[in-house]
>>> print(open('my_file.csv').read())   # CSV, C-alpha atoms
chain,number,residue,atom,x,y,z
A,121,ARG,CA,0.0,0.0,0.0
A,122,GLY,CA,2.9,2.3,0.7
A,123,GLY,CA,4.3,1.6,-2.7
A,124,ILE,CA,0.9,2.4,-4.4
A,125,THR,CA,0.6,5.7,-2.5
A,126,MET,CA,4.2,6.6,-3.3
A,127,MET,CA,3.5,6.1,-7.0
A,128,ALA,CA,0.3,8.1,-6.9
A,129,LEU,CA,2.0,11.0,-5.2
A,130,ARG,CA,4.9,11.0,-7.6
A,131,LEU,CA,2.4,11.0,-10.6
A,132,MET,CA,0.9,14.1,-8.9
A,133,GLY,CA,4.2,15.8,-9.0
A,134,TYR,CA,5.7,15.2,-5.6
A,135,THR,CA,9.4,14.7,-6.2
A,136,ASN,CA,10.7,13.4,-2.8
A,137,VAL,CA,8.5,10.6,-1.8
A,138,ILE,CA,9.9,7.2,-0.7
A,139,ASN,CA,8.3,4.0,0.7
A,140,LEU,CA,9.5,2.4,4.0
A,141,ASN,CA,10.8,-1.0,3.0
A,142,GLY,CA,9.0,-3.7,5.0
A,143,GLY,CA,6.5,-1.2,6.3
A,144,LEU,CA,5.5,-1.1,10.0
A,145,ASN,CA,6.2,-4.8,10.4
A,146,GLY,CA,9.8,-4.3,9.3
A,147,TRP,CA,10.2,-1.3,11.6
A,148,LYS,CA,9.0,-3.2,14.6
A,149,SER,CA,11.1,-6.3,13.7
A,150,ALA,CA,14.2,-4.0,13.7
A,151,GLY,CA,13.4,-3.1,17.3
A,152,LEU,CA,12.6,0.5,16.6
A,153,PRO,CA,10.1,2.5,18.7
A,154,VAL,CA,6.4,2.7,18.0
A,155,LYS,CA,3.6,4.7,19.6
A,156,GLY,CA,0.0,3.8,20.4
A,157,LEU,CA,-1.9,1.8,23.0
A,158,VAL,CA,-1.2,-1.7,21.6
A,159,ALA,CA,2.5,-0.8,21.4
A,160,GLU,CA,2.4,0.3,25.1
A,161,MET,CA,0.6,-2.9,26.0
A,162,ALA,CA,3.4,-4.9,24.3
A,163,ALA,CA,6.1,-3.0,26.2
A,164,PHE,CA,4.1,-3.5,29.4
A,165,ILE,CA,3.8,-7.3,28.9
A,166,THR,CA,7.4,-7.6,28.0
A,167,SER,CA,8.7,-5.7,31.0
A,168,LEU,CA,6.5,-7.3,33.7
A,169,PRO,CA,8.7,-7.8,36.8
A,170,ALA,CA,8.8,-11.4,37.8
A,171,ASP,CA,10.4,-10.5,41.1
A,172,ALA,CA,7.3,-8.5,42.0
A,173,SER,CA,4.9,-11.4,41.2
A,174,PHE,CA,3.9,-9.6,37.9
A,175,TYR,CA,2.2,-6.8,39.8
A,176,SER,CA,0.2,-9.0,42.2
A,177,ILE,CA,0.2,-9.3,45.9
A,178,LYS,CA,-0.5,-12.5,48.0
A,179,SER,CA,-3.2,-12.6,50.6
A,180,ASP,CA,-0.8,-13.0,53.6
A,181,LYS,CA,1.2,-9.9,52.5
A,182,LEU,CA,-2.0,-7.9,52.1
A,183,ASN,CA,-3.2,-9.0,55.5
A,184,GLU,CA,0.1,-7.7,57.0
A,185,LEU,CA,-0.4,-4.4,55.2
A,186,LEU,CA,-3.8,-4.0,56.7
A,187,VAL,CA,-2.2,-4.1,60.2
A,188,GLU,CA,0.8,-1.9,59.3
A,189,THR,CA,-0.3,0.7,56.7
A,190,PRO,CA,-3.8,0.0,55.3
A,191,PRO,CA,-3.7,0.5,51.5
A,192,PHE,CA,-6.5,1.7,49.3
A,193,ILE,CA,-8.5,-1.4,48.1
A,194,VAL,CA,-10.9,-1.4,45.2
A,195,ASP,CA,-13.2,-4.4,44.9
A,196,VAL,CA,-14.3,-4.7,41.3
A,197,ARG,CA,-16.9,-7.5,41.8
A,198,GLU,CA,-20.6,-7.0,41.3
A,199,ALA,CA,-22.6,-5.8,44.3
A,200,SER,CA,-24.4,-9.1,44.5
A,201,GLU,CA,-21.0,-10.9,44.9
A,202,ILE,CA,-20.0,-8.7,47.7
A,203,GLU,CA,-23.4,-9.2,49.4
A,204,ALA,CA,-23.1,-12.9,49.1
A,205,ASN,CA,-19.4,-13.4,50.1
A,206,GLY,CA,-18.3,-10.3,52.0
A,207,TYR,CA,-15.3,-8.0,51.3
A,208,ILE,CA,-12.0,-6.9,52.9
A,209,ALA,CA,-12.4,-4.2,55.5
A,210,GLY,CA,-12.0,-0.7,54.1
A,211,ALA,CA,-12.5,-1.7,50.5
A,212,ILE,CA,-14.7,0.4,48.2
A,213,ASN,CA,-16.8,-1.3,45.5
A,214,ILE,CA,-16.6,-0.2,41.8
A,215,PRO,CA,-17.6,-3.0,39.4
A,216,ILE,CA,-14.9,-3.7,36.8
A,217,ARG,CA,-17.1,-2.4,33.9
A,218,ASP,CA,-17.4,1.0,35.7
A,219,LEU,CA,-13.8,1.3,37.0
A,220,LEU,CA,-12.4,3.7,34.5
A,221,LYS,CA,-15.6,5.9,34.7
A,222,ASN,CA,-14.8,6.5,38.4
A,223,LEU,CA,-11.1,7.7,38.4
A,224,ASP,CA,-12.3,10.5,40.7
A,225,LYS,CA,-13.0,7.9,43.4
A,226,LEU,CA,-9.4,6.6,43.4
A,227,PRO,CA,-6.3,8.1,45.1
A,228,GLY,CA,-3.5,9.8,43.1
A,229,LYS,CA,-1.7,8.0,40.4
A,230,ASP,CA,1.4,7.6,42.6
A,231,GLN,CA,-0.5,6.1,45.6
A,232,LYS,CA,-0.8,2.4,46.4
A,233,ILE,CA,-3.9,0.8,45.1
A,234,ILE,CA,-4.9,-2.9,45.5
A,235,ILE,CA,-7.6,-4.4,43.3
A,236,THR,CA,-9.5,-7.5,44.2
A,237,CYS,CA,-12.2,-9.5,42.5
A,238,ALA,CA,-13.4,-13.1,42.9
A,239,SER,CA,-10.5,-15.1,41.4
A,240,GLY,CA,-7.9,-12.5,40.2
A,241,HIS,CA,-9.1,-12.4,36.6
A,242,ARG,CA,-11.0,-9.1,36.7
A,243,GLY,CA,-8.5,-7.6,39.1
A,244,SER,CA,-5.7,-8.2,36.7
A,245,LEU,CA,-7.6,-6.4,33.9
A,246,GLY,CA,-8.2,-3.5,36.2
A,247,MET,CA,-4.6,-3.3,37.3
A,248,MET,CA,-3.3,-3.4,33.8
A,249,SER,CA,-5.7,-0.7,32.6
A,250,LEU,CA,-4.8,1.7,35.5
A,251,ARG,CA,-1.0,1.2,35.0
A,252,LEU,CA,-1.4,1.9,31.3
A,253,LEU,CA,-3.1,5.2,32.3
A,254,GLY,CA,-0.1,6.1,34.4
A,255,TYR,CA,-0.9,4.7,37.8
A,256,THR,CA,2.4,3.6,39.2
A,257,ASP,CA,1.7,1.5,42.3
A,258,VAL,CA,-1.4,-0.7,41.4
A,259,VAL,CA,-1.3,-4.4,42.2
A,260,ASN,CA,-3.9,-7.2,42.0
A,261,LEU,CA,-4.8,-9.6,44.9
A,262,ASN,CA,-3.5,-12.9,43.7
A,263,GLY,CA,-6.3,-15.4,43.8
A,264,GLY,CA,-8.8,-12.7,44.6
A,265,MET,CA,-11.4,-13.1,47.4
A,266,ASN,CA,-11.5,-16.8,46.8
A,267,GLY,CA,-7.9,-17.1,47.9
A,268,TRP,CA,-8.5,-14.6,50.7
A,269,ILE,CA,-11.4,-16.5,52.1
A,270,LYS,CA,-9.6,-19.9,51.6
A,271,ALA,CA,-6.7,-18.5,53.7
A,272,GLU,CA,-9.3,-17.7,56.4
A,273,PHE,CA,-8.6,-14.0,56.6
A,274,PRO,CA,-11.4,-11.8,57.9
A,275,VAL,CA,-14.2,-10.5,55.7
A,276,GLU,CA,-16.8,-7.8,56.3
A,277,LYS,CA,-20.5,-8.6,55.7
A,278,THR,CA,-22.1,-5.2,56.1
A,279,ALA,CA,-22.4,-3.0,53.0
A,280,PRO,CA,-19.1,-1.3,52.1
A,281,ALA,CA,-18.9,2.5,52.5
A,282,ALA,CA,-19.7,4.5,49.4
A,283,PRO,CA,-16.6,5.8,47.6
A,284,THR,CA,-15.9,9.5,48.0
A,285,ALA,CA,-15.6,11.5,44.9
A,286,GLY,CA,-12.7,13.8,44.4
A,287,THR,CA,-10.9,15.1,41.3
A,288,ALA,CA,-10.0,12.8,38.5
A,289,PRO,CA,-6.3,12.9,37.5
A,290,GLU,CA,-5.2,13.9,34.0
A,291,VAL,CA,-4.8,10.9,31.8
A,292,ASP,CA,-4.5,10.4,28.1
A,293,ALA,CA,-8.0,10.8,26.8
A,294,ASP,CA,-7.7,8.4,23.8
A,295,LYS,CA,-6.2,5.6,26.0
A,296,LEU,CA,-8.9,6.1,28.6
A,297,ALA,CA,-11.6,5.9,26.0
A,298,ALA,CA,-10.2,2.7,24.5
A,299,LEU,CA,-9.6,1.0,27.8
A,300,ASP,CA,-13.0,2.0,29.2
A,301,ALA,CA,-14.7,0.7,26.1
A,302,TYR,CA,-12.9,-2.7,26.6
A,303,LEU,CA,-13.8,-3.0,30.2
A,304,SER,CA,-17.4,-1.7,29.7
A,305,ALA,CA,-18.0,-4.4,27.0
A,306,LEU,CA,-16.7,-7.4,29.1
A,307,PRO,CA,-19.2,-10.2,28.4
A,308,GLU,CA,-21.0,-12.4,30.9
A,309,GLY,CA,-18.4,-14.3,32.8
A,310,PHE,CA,-15.9,-11.5,32.0
A,311,GLY,CA,-14.0,-13.6,29.4
A,312,ALA,CA,-13.0,-16.4,31.8
A,313,VAL,CA,-13.8,-20.1,31.8
A,314,LYS,CA,-13.9,-22.3,34.9
A,315,SER,CA,-11.7,-25.4,35.1
A,316,PRO,CA,-14.6,-27.9,35.2
A,317,ASP,CA,-16.4,-26.3,32.3
A,318,PHE,CA,-13.2,-26.2,30.2
A,319,ASN,CA,-12.5,-29.9,31.0
A,320,THR,CA,-16.0,-30.7,29.8
A,321,GLU,CA,-15.2,-29.1,26.5
A,322,LEU,CA,-11.9,-31.0,26.2
A,323,VAL,CA,-13.6,-34.3,27.0
A,324,ALA,CA,-16.2,-33.6,24.3
A,325,GLY,CA,-13.5,-33.0,21.8
A,326,THR,CA,-13.6,-29.3,21.5
A,327,ILE,CA,-9.9,-28.6,21.7
A,328,PRO,CA,-8.8,-24.9,21.4
A,329,PHE,CA,-5.3,-23.6,21.2
A,330,ILE,CA,-4.1,-23.7,24.8
A,331,LEU,CA,-1.6,-20.9,25.5
A,332,ASP,CA,0.4,-21.3,28.8
A,333,VAL,CA,2.1,-18.1,29.8
A,334,ARG,CA,4.0,-19.3,32.9
A,335,THR,CA,7.7,-19.6,33.1
A,336,GLN,CA,9.6,-22.7,32.1
A,337,GLU,CA,10.4,-23.4,35.7
A,338,GLU,CA,6.7,-23.4,36.6
A,339,TRP,CA,5.9,-25.6,33.6
A,340,ASP,CA,8.5,-28.2,34.7
A,341,ALA,CA,7.6,-28.1,38.4
A,342,ASP,CA,3.8,-28.1,38.2
A,343,GLY,CA,2.9,-29.8,35.0
A,344,HIS,CA,0.6,-28.5,32.2
A,345,ILE,CA,-2.6,-29.3,30.4
A,346,GLU,CA,-2.1,-31.8,27.6
A,347,GLY,CA,-1.5,-30.0,24.3
A,348,ALA,CA,-0.7,-26.6,25.8
A,349,VAL,CA,2.0,-24.5,24.2
A,350,LEU,CA,4.4,-22.7,26.5
A,351,VAL,CA,5.1,-19.0,25.8
A,352,SER,CA,6.1,-17.1,28.9
A,353,ILE,CA,4.3,-13.8,29.4
A,354,ASN,CA,7.4,-11.7,29.0
A,355,ASP,CA,8.1,-13.4,25.7
A,356,LEU,CA,4.6,-13.3,24.3
A,357,THR,CA,5.0,-10.3,22.0
A,358,ALA,CA,8.0,-11.8,20.3
A,359,ASN,CA,6.3,-15.2,19.7
A,360,LEU,CA,3.0,-14.3,18.2
A,361,ALA,CA,3.8,-16.6,15.3
A,362,GLN,CA,3.3,-19.6,17.6
A,363,LEU,CA,-0.4,-18.6,17.9
A,364,PRO,CA,-3.0,-19.6,15.3
A,365,ALA,CA,-2.8,-17.5,12.1
A,366,ASP,CA,-6.6,-17.2,12.2
A,367,LYS,CA,-7.4,-14.6,14.8
A,368,ALA,CA,-10.9,-16.0,15.1
A,369,ALA,CA,-9.5,-19.4,16.2
A,370,PRO,CA,-10.5,-20.4,19.8
A,371,ILE,CA,-7.7,-19.8,22.3
A,372,VAL,CA,-7.7,-20.5,26.1
A,373,VAL,CA,-4.9,-18.8,28.1
A,374,THR,CA,-3.6,-20.3,31.4
A,375,CYS,CA,-1.0,-19.3,33.9
A,376,LYS,CA,-0.6,-20.2,37.6
A,377,SER,CA,-3.5,-18.3,39.1
A,378,GLY,CA,-5.2,-16.4,36.3
A,379,HIS,CA,-3.4,-13.1,36.8
A,380,ARG,CA,-1.0,-13.3,33.9
A,381,GLY,CA,-3.5,-15.1,31.7
A,382,ALA,CA,-5.9,-12.1,32.0
A,383,MET,CA,-3.1,-9.7,30.9
A,384,ALA,CA,-2.2,-11.9,28.0
A,385,GLN,CA,-5.9,-12.2,27.0
A,386,MET,CA,-6.4,-8.4,27.1
A,387,TYR,CA,-3.3,-7.8,25.0
A,388,LEU,CA,-4.3,-10.4,22.4
A,389,GLN,CA,-7.8,-9.1,22.2
A,390,PHE,CA,-6.5,-5.6,21.4
A,391,LEU,CA,-4.4,-7.2,18.7
A,392,GLY,CA,-7.7,-8.5,17.1
A,393,TYR,CA,-8.0,-12.1,18.5
A,394,THR,CA,-11.8,-12.5,18.9
A,395,SER,CA,-12.3,-15.9,20.5
A,396,ILE,CA,-10.0,-16.0,23.5
A,397,ARG,CA,-10.7,-16.9,27.1
A,398,ASN,CA,-8.7,-17.0,30.3
A,399,LEU,CA,-8.7,-20.1,32.6
A,400,ASN,CA,-10.2,-19.0,35.8
A,401,GLY,CA,-7.8,-19.7,38.7
A,402,GLY,CA,-5.1,-20.9,36.2
A,403,MET,CA,-3.2,-24.2,36.9
A,404,ASN,CA,-3.8,-23.7,40.6
A,405,GLY,CA,-7.5,-24.0,40.0
A,406,TRP,CA,-7.1,-26.8,37.5
A,407,ILE,CA,-5.0,-28.9,39.8
A,408,ALA,CA,-7.3,-28.2,42.8
A,409,ALA,CA,-10.2,-29.5,40.8
A,410,GLU,CA,-8.2,-32.7,40.4
A,411,LEU,CA,-8.3,-32.5,36.6
A,412,PRO,CA,-5.7,-34.3,34.4
A,413,PHE,CA,-2.4,-32.7,33.6
A,414,VAL,CA,0.9,-33.8,32.1
A,415,LYS,CA,4.3,-33.6,33.9
>>> encode(input="my_file.csv", output="structure tokens")
Amino acid sequence: RGGITMMALRLMGYTNVINLNGGLNGWKSAGLPVKGLVAEMAAFITSLPADASFYSIKSDKLNELLVETPPFIVDVREASEIEANGYIAGAINIPIRDLLKNLDKLPGKDQKIIITCASGHRGSLGMMSLRLLGYTDVVNLNGGMNGWIKAEFPVEKTAPAAPTAGTAPEVDADKLAALDAYLSALPEGFGAVKSPDFNTELVAGTIPFILDVRTQEEWDADGHIEGAVLVSINDLTANLAQLPADKAAPIVVTCKSGHRGAMAQMYLQFLGYTSIRNLNGGMNGWIAAELPFVK
């Protein structure tokens, strides 16, 4: 297309028009910088810090923080889930589809924010969205409220306090619009599939492409679902050729707890993959359900 445009412009009398050999793909393959939300997502995925649990926090560490210096906690579950299962003391409730519409209810972009949901899937989507908007200290509760309750940490049963409105910070308007549109349109189930349901599909012969985004060490130590392809989350952007060429092909992403899988899912959906789900609870949930895996 660049070549066609170059020829047209030269025929119109422009004398100094050249075409970029290899186009944008060649530019990116050469490791040269690009702008735009998808490019920022790629950089975010690539640079996820393994030593910080990929921007997540475990239940026991959060429980310590509640005693020492209570952080700002945003519970992104639906109100009905909070009513049924309780919430962490001090948390405010903003459902994930409304999170980016309520930036004025959050602290400053440099303040610590912990996001929680049921399993960690929605929390990861919210964490990634806020960090892409410039929030610098947002983490997701690993395992969500399911993990918190399983660890027998305290929950509140009364209705959480209404969030206090303040002033929304300045963020990139285009990024905010794109990310808000994504979160607002999350389908029923929020794009995740539970282990028993996925196993039923596999037994019935409906085999999607299974993308495992854990590390090689986790793959070796904990095993994997038969047929899965390992591409660690930090290496995903450089290994898209391992995924199905047809972006409409069904894909299920898995990791250890669902946290990294949700980020990979979000990135791939912004790239145009249209039939991709995240395994709720990751391999932890799969193994806990006593479903078959390969070691």
>>> atom_distance(input="my_file.csv", atom1="atom CA of A:Thr287", atom2="atom CA of A:Lys221")
12.3 Å
>>> closest_residue(input="my_file.csv", among="A:Asp300, A:Glu184, A:Asp332, A:Asp257", to="A:Ser377", atoms="all atoms listed in the file")
A:Asp332
>>> closest_atom_pairs(input="my_file.csv", of="stretch 320-383 of chain A", to="stretch 233-256 of chain A", cutoff="8 Å", atoms="all atoms listed in the file", output="tab-separated table")
residue	atom	partner	partner_atom	distance
A:Ser377	CA	A:Gly240	CA	7.4
A:Gly378	CA	A:His241	CA	5.6
A:His379	CA	A:Ser244	CA	5.4
A:Arg380	CA	A:Ser244	CA	7.5
A:Gly381	CA	A:His241	CA	7.9
A:Ala382	CA	A:His241	CA	5.6
A:Met383	CA	A:Leu245	CA	6.3
>>> residues_around(input="my_file.csv", residues="A:Pro370", least_positions_apart="4", cutoff="7 Å", atoms="all atoms listed in the file", output="PyMOL selection string")
chain A and resi 328-329+395-396
>>> residues_around(input="my_file.csv", residues="A:Asp218", least_positions_apart="3", cutoff="8 Å", atoms="all atoms listed in the file", output="ChimeraX atom specification")
/A:214-215,221-222,300,303-304
>>> residues_around(input="my_file.csv", residues="stretch 336-348 of chain A", least_positions_apart="5", cutoff="7 Å", atoms="all atoms listed in the file", output="count of residues only")
5
>>> atom_distance(input="my_file.csv", atom1="atom CA of A:Asp171", atom2="atom CA of A:Lys270")
24.5 Å
